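Dumped start26.txt below, it's compact mmCIF, C-alpha atoms:
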# COMPACT_ATOMS: atom_id res chain seq x y z
CA MET A 4 -55.19 48.87 1.48
CA ALA A 5 -51.89 49.44 -0.27
CA TYR A 6 -50.12 47.88 -3.21
CA LYS A 7 -46.85 46.10 -2.46
CA PHE A 8 -44.16 44.83 -4.82
CA PRO A 9 -41.41 42.19 -4.55
CA ASP A 10 -38.72 44.54 -5.86
CA GLY A 11 -36.08 44.95 -3.17
CA ALA A 12 -37.35 41.96 -1.18
CA SER A 13 -35.08 39.86 1.00
CA PHE A 14 -35.57 36.11 1.60
CA GLN A 15 -34.14 34.98 4.91
CA TYR A 16 -33.89 31.71 6.85
CA SER A 17 -32.87 30.62 10.32
CA THR A 18 -32.12 27.36 12.07
CA THR A 19 -31.33 29.09 15.36
CA PHE A 20 -34.10 28.34 17.85
CA ALA A 21 -33.80 29.07 21.57
CA ALA A 22 -34.82 26.52 24.18
CA ALA A 23 -38.53 25.78 24.12
CA LYS A 24 -40.86 27.47 26.61
CA ILE A 25 -43.95 25.45 27.54
CA ILE A 26 -47.39 27.07 27.38
CA ALA A 27 -49.29 26.08 30.54
CA SER A 28 -52.61 27.36 29.19
CA PHE A 29 -53.92 29.09 26.07
CA THR A 30 -57.23 30.93 25.96
CA ASN A 31 -59.78 30.94 23.15
CA ALA A 32 -59.82 34.60 22.11
CA ASN A 33 -58.69 37.02 19.41
CA PRO A 34 -55.83 36.96 20.02
CA GLY A 35 -55.53 34.06 22.44
CA VAL A 36 -53.53 34.63 25.61
CA ALA A 37 -50.79 32.13 26.43
CA THR A 38 -49.48 31.58 29.95
CA SER A 39 -45.82 30.63 30.22
CA VAL A 40 -44.18 31.45 33.54
CA SER A 41 -41.24 33.88 33.23
CA HIS A 42 -41.27 33.52 29.45
CA GLY A 43 -38.85 36.43 28.93
CA TYR A 44 -40.31 37.46 25.56
CA VAL A 45 -40.81 41.08 24.54
CA ASP A 46 -42.94 42.74 21.87
CA ASP A 47 -42.23 41.55 18.32
CA ASP A 48 -39.99 38.65 19.28
CA GLU A 49 -40.29 36.11 16.46
CA LEU A 50 -41.57 32.81 17.87
CA LEU A 51 -42.08 29.34 16.46
CA LEU A 52 -45.29 27.74 17.76
CA LEU A 53 -45.47 23.94 17.88
CA SER A 54 -48.72 22.42 19.10
CA ASP A 55 -50.09 18.89 19.09
CA GLY A 56 -53.48 20.02 20.39
CA TRP A 57 -53.97 23.00 18.08
CA GLU A 58 -52.82 21.64 14.74
CA ASP A 59 -54.44 24.52 12.84
CA ALA A 60 -51.70 26.81 14.18
CA THR A 61 -48.73 24.49 14.64
CA SER A 62 -45.45 24.84 12.73
CA SER A 63 -46.04 28.56 12.29
CA VAL A 64 -44.08 31.69 13.18
CA PHE A 65 -45.76 34.58 15.00
CA ARG A 66 -44.67 37.84 16.59
CA ALA A 67 -45.06 38.20 20.34
CA ASP A 68 -47.21 40.73 22.15
CA GLN A 69 -45.82 40.71 25.67
CA LEU A 70 -48.60 41.25 28.23
CA THR A 71 -47.05 40.39 31.60
CA ALA A 72 -43.99 38.51 32.83
CA ASP A 73 -46.01 35.31 32.58
CA THR A 74 -48.44 35.95 29.71
CA LEU A 75 -48.29 36.90 26.05
CA SER A 76 -50.35 36.71 22.90
CA LEU A 77 -49.27 35.88 19.37
CA LYS A 78 -50.17 38.69 16.99
CA GLY A 79 -52.65 37.58 14.36
CA LEU A 80 -53.57 34.27 16.00
CA ASP A 81 -57.36 34.13 16.43
CA THR A 82 -58.24 31.09 18.55
CA THR A 83 -61.91 31.87 19.14
CA SER A 84 -63.16 28.88 17.13
CA THR A 85 -63.40 25.89 19.46
CA THR A 86 -63.85 23.69 16.39
CA PHE A 87 -60.31 24.34 15.19
CA PHE A 88 -58.93 25.26 18.62
CA PRO A 89 -60.50 22.88 21.17
CA ILE A 90 -60.75 24.28 24.69
CA GLY A 91 -57.61 23.35 26.60
CA GLY A 92 -55.91 22.05 23.46
CA GLY A 93 -53.28 24.78 23.49
CA ALA A 94 -51.82 23.61 26.80
CA ASN A 95 -48.35 22.05 26.54
CA SER A 96 -47.69 23.74 23.21
CA THR A 97 -44.20 25.23 22.96
CA LEU A 98 -42.68 28.50 21.82
CA GLN A 99 -39.11 29.02 20.61
CA LYS A 100 -37.50 32.37 19.89
CA ILE A 101 -35.87 32.62 16.46
CA SER A 102 -32.66 34.58 15.87
CA ALA A 103 -29.62 34.76 13.58
CA TRP A 104 -31.50 35.23 10.31
CA LYS A 105 -29.41 34.82 7.15
CA VAL A 106 -30.22 36.26 3.74
CA ILE A 107 -30.53 33.79 0.86
CA PRO A 108 -27.90 35.17 -1.55
CA GLN A 109 -28.29 36.36 -5.12
CA VAL A 110 -32.01 35.70 -5.61
CA LEU A 111 -32.91 36.14 -9.29
CA THR A 112 -36.50 34.93 -9.69
CA ILE A 113 -39.45 34.07 -7.46
CA GLY A 114 -42.20 31.55 -8.08
CA THR A 115 -44.99 30.64 -5.68
CA SER A 116 -47.75 28.05 -5.70
CA GLY A 117 -50.44 27.02 -3.24
CA GLY A 118 -52.21 29.15 -0.68
CA ASP A 119 -55.29 29.04 -2.89
CA ALA A 120 -58.63 27.36 -2.22
CA ARG A 121 -58.69 23.58 -1.87
CA ARG A 122 -61.99 21.99 -2.91
CA ALA A 123 -63.70 18.63 -3.26
CA THR A 124 -66.04 18.11 -6.19
CA VAL A 125 -69.26 16.27 -5.26
CA SER A 126 -71.34 14.61 -7.99
CA PRO A 127 -74.62 13.20 -6.65
CA LEU A 128 -76.32 10.86 -9.12
CA SER A 129 -79.53 12.90 -8.92
CA ARG A 130 -77.77 16.11 -10.03
CA ARG A 131 -76.48 16.76 -13.51
CA THR A 132 -74.30 19.62 -12.24
CA PRO A 133 -71.62 18.76 -9.64
CA PHE A 134 -70.70 21.26 -6.96
CA ASN A 135 -67.53 22.13 -5.10
CA VAL A 136 -67.15 22.01 -1.32
CA PRO A 137 -64.41 24.19 0.21
CA LEU A 138 -61.89 22.26 2.33
CA GLY A 139 -59.37 24.96 3.20
CA LEU A 140 -56.16 26.04 1.52
CA ASN A 141 -53.51 24.23 -0.47
CA PRO A 142 -49.97 23.99 0.98
CA ILE A 143 -47.56 26.74 0.00
CA ASP A 144 -44.41 26.18 -2.03
CA ILE A 145 -41.89 28.92 -2.86
CA ASN A 146 -39.38 28.35 -5.64
CA LEU A 147 -36.37 30.62 -6.06
CA THR A 148 -33.56 30.70 -8.55
CA ILE A 149 -30.32 32.13 -7.24
CA GLY A 150 -26.97 32.91 -8.77
CA HIS A 151 -24.85 29.77 -8.33
CA ASP A 152 -21.65 30.46 -6.42
CA ALA A 153 -20.11 27.39 -4.81
CA SER A 154 -17.66 29.59 -2.89
CA ASN A 155 -20.45 31.39 -1.03
CA SER A 156 -20.50 30.22 2.62
CA THR A 157 -24.24 30.80 3.01
CA TYR A 158 -24.96 28.69 -0.06
CA GLN A 159 -22.80 25.90 1.38
CA GLU A 160 -24.69 26.13 4.67
CA MET A 161 -27.98 25.92 2.77
CA LEU A 162 -26.74 22.76 1.02
CA GLY A 163 -26.00 21.21 4.42
CA ILE A 164 -29.47 22.11 5.69
CA SER A 165 -30.98 20.59 2.56
CA ARG A 166 -29.05 17.32 2.81
CA ALA A 167 -29.91 16.89 6.49
CA LEU A 168 -33.59 17.81 5.92
CA THR A 169 -33.25 20.33 8.74
CA LYS A 170 -36.38 22.39 9.26
CA CYS A 171 -36.01 26.17 9.04
CA ALA A 172 -37.90 29.34 9.79
CA PHE A 173 -38.35 31.61 6.78
CA LYS A 174 -38.95 35.34 6.46
CA LEU A 175 -39.74 37.42 3.39
CA VAL A 176 -39.04 41.10 4.08
CA LEU A 177 -40.33 43.65 1.57
CA ALA A 178 -38.71 47.00 0.88
CA ASP A 179 -41.21 48.76 3.16
CA GLY A 180 -40.27 46.53 6.10
CA SER A 181 -43.39 44.37 6.10
CA ALA A 182 -42.70 40.68 6.58
CA THR A 183 -44.23 37.26 5.96
CA TYR A 184 -43.12 34.23 8.00
CA GLY A 185 -43.18 30.47 7.54
CA TYR A 186 -41.60 27.26 8.77
CA GLY A 187 -40.70 24.14 6.84
CA ASN A 188 -38.10 22.54 4.61
CA MET A 189 -35.57 23.97 2.17
CA VAL A 190 -34.22 21.88 -0.71
CA VAL A 191 -31.28 23.40 -2.58
CA GLY A 192 -30.06 22.32 -6.01
CA THR A 193 -26.39 21.41 -6.33
CA PHE A 194 -25.60 21.34 -10.04
CA PRO A 195 -26.11 24.73 -11.70
CA SER A 196 -28.38 25.43 -14.63
CA LEU A 197 -26.12 26.54 -17.48
CA GLN A 198 -26.98 28.65 -20.50
CA SER A 199 -24.70 30.64 -22.79
CA GLY A 200 -24.90 34.36 -22.04
CA ARG A 201 -26.72 33.83 -18.73
CA GLU A 202 -25.55 33.66 -15.16
CA ASN A 203 -25.24 30.16 -13.68
CA GLN A 204 -28.29 29.42 -11.56
CA ALA A 205 -29.25 27.11 -8.70
CA THR A 206 -32.73 26.30 -7.40
CA VAL A 207 -34.10 26.73 -3.88
CA ALA A 208 -37.43 25.05 -3.05
CA ILE A 209 -39.15 26.08 0.19
CA ASN A 210 -42.09 24.01 1.43
CA LEU A 211 -44.11 25.41 4.33
CA LEU A 212 -45.44 22.99 6.95
CA GLY A 213 -47.76 25.43 8.68
CA ARG A 214 -49.36 28.80 8.09
CA ASP A 215 -47.85 31.74 6.33
CA VAL A 216 -48.22 34.69 8.72
CA ALA A 217 -47.87 38.26 7.43
CA TYR A 218 -47.38 41.54 9.29
As structure tokens, how would this structure be written, given the file I've shared?
Amino acid sequence: MAYKFPDGASFQYSTTFAAAKIIASFTNANPGVATSVSHGYVDDDELLLLSDGWEDATSSVFRADQLTADTLSLKGLDTTSTTFFPIGGGANSTLQKISAWKVIPQVLTIGTSGGDARRATVSPLSRRTPFNVPLGLNPIDINLTIGHDASNSTYQEMLGISRALTKCAFKLVLADGSATYGYGNMVVGTFPSLQSGRENQATVAINLLGRDVAY
């Protein structure tokens, strides 16, 4: 174990996805092995996984572990549970390589919510003390404030992505090089927050649609 800090972190996004490669089969293992003929991926390529059959892993970004010209695994993806990963359900999933990451400019503050336990409270009539049943995890939202600069080309691009509701890949890179990935929507504020003696600020809300995956 090691302590990590957000100081020096970089928030990045990308809307550049290569053509989708179809997964012909996906094994139940830790990690699962995907077969995609002549996939062309190499170690640590950053890949978006979309899967109708394995919804517990869809809309998530993983790093590749190239095994052969036709097979690879996704680092950190444990598919051994046939409850959440039905046998054969990974077939016809797709992978897309992500590139052309851009840094979100002038990040001032970070706020996160979600990723914690989601529970249902059950109150049987015969019990005077209810109990909680775990259901999984709450969705993750990341809220940034950035220095507002309408002349910044990246900020203008982010506004366009926001207006079009274009889905993005996201990457948080810490000062030590470790990274956390996600995929979802980015909504960017247009009118700045104004306060005397303070820099003008804009808001960036990031909502993940799948897992957050850290390396």
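With all atoms listed in the file as the basis for measurement, A:Gly118 is the residue among A:Pro137, A:Gly118, A:Gly163, A:Gly180 that approaches A:Gly213 most closely.
Within a radius of 9 Å around (-44.1, 38.0, 21.1), the polymer residues are Tyr44, Val45, Asp46, Asp47, Asp48, Glu49, Leu50, Phe65, Arg66, Ala67, Asp68, Gln69, Leu75, Ser76, Leu77, Lys78 and Lys100 of chain A, counting only C-alpha atoms.
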Open item on the list: Would you pick out the contacts of A:Gly185 at 12 Å or less, using only C-alpha atoms, so that residues sharing its chain but fewer than 5 positions from it are not included, and give the list as a ChimeraX atom specification?
Closed with: /A:14-17,49-52,60-66,101,142-145,170-176,209-218
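Here atom CA of A:Pro9 stands at a distance of 12.1 Å from atom CA of A:Thr115.
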Task: From A:Pro34, A:Gly91, A:Gly79, A:Pro195, residue lying nearest A:Thr183 [all atoms listed in the file] - done: A:Gly79
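In this structure, atom CA of A:Gln99 sits 23.0 Å away from atom CA of A:Thr83.
The coordinates place atom CA of A:Asp59 at 24.8 Å from atom CA of A:Val125.
Between A:Ser156 and the residues A:Leu140, A:Asp179, A:Gly200, A:Val106, the shortest atom-to-atom distance, using all atoms listed in the file, involves A:Val106.
You can rank A:Pro108, A:Gly93, A:Gly43, A:Gly11 by their closest distance to A:Thr157 using all atoms listed in the file, and at the top of that list sits A:Pro108.
Restricting the calculation to only C-alpha atoms, the smallest distance between A:Thr169 and any of A:Thr38, A:Thr112, A:Ser181, A:Asn188 is found for A:Asn188.
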Report as AutoDock Vina command-line options the centre and the edge lengths, in Å to one decimal, of the axis-aligned box holding every listed atom of stretch 51-67 of chain A, padded by 5 Å on each side.
--center_x -48.3 --center_y 28.5 --center_z 16.3 --size_x 22.4 --size_y 29.3 --size_z 18.1
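Distance check against A:Thr74 using only C-alpha atoms: of A:Ala120, A:Leu168, A:Leu138, A:Val36, the minimum falls on A:Val36.
With distances taken from (-60.5, 23.1, 21.6) and restricted to only C-alpha atoms, the residues inside 12 Å are A:Ser28, A:Phe29, A:Thr30, A:Asn31, A:Ala32, A:Asp55, A:Gly56, A:Trp57, A:Glu58, A:Asp59, A:Thr82, A:Thr83, A:Ser84, A:Thr85, A:Thr86, A:Phe87, A:Phe88, A:Pro89, A:Ile90, A:Gly91, A:Gly92, A:Gly93, A:Ala94.
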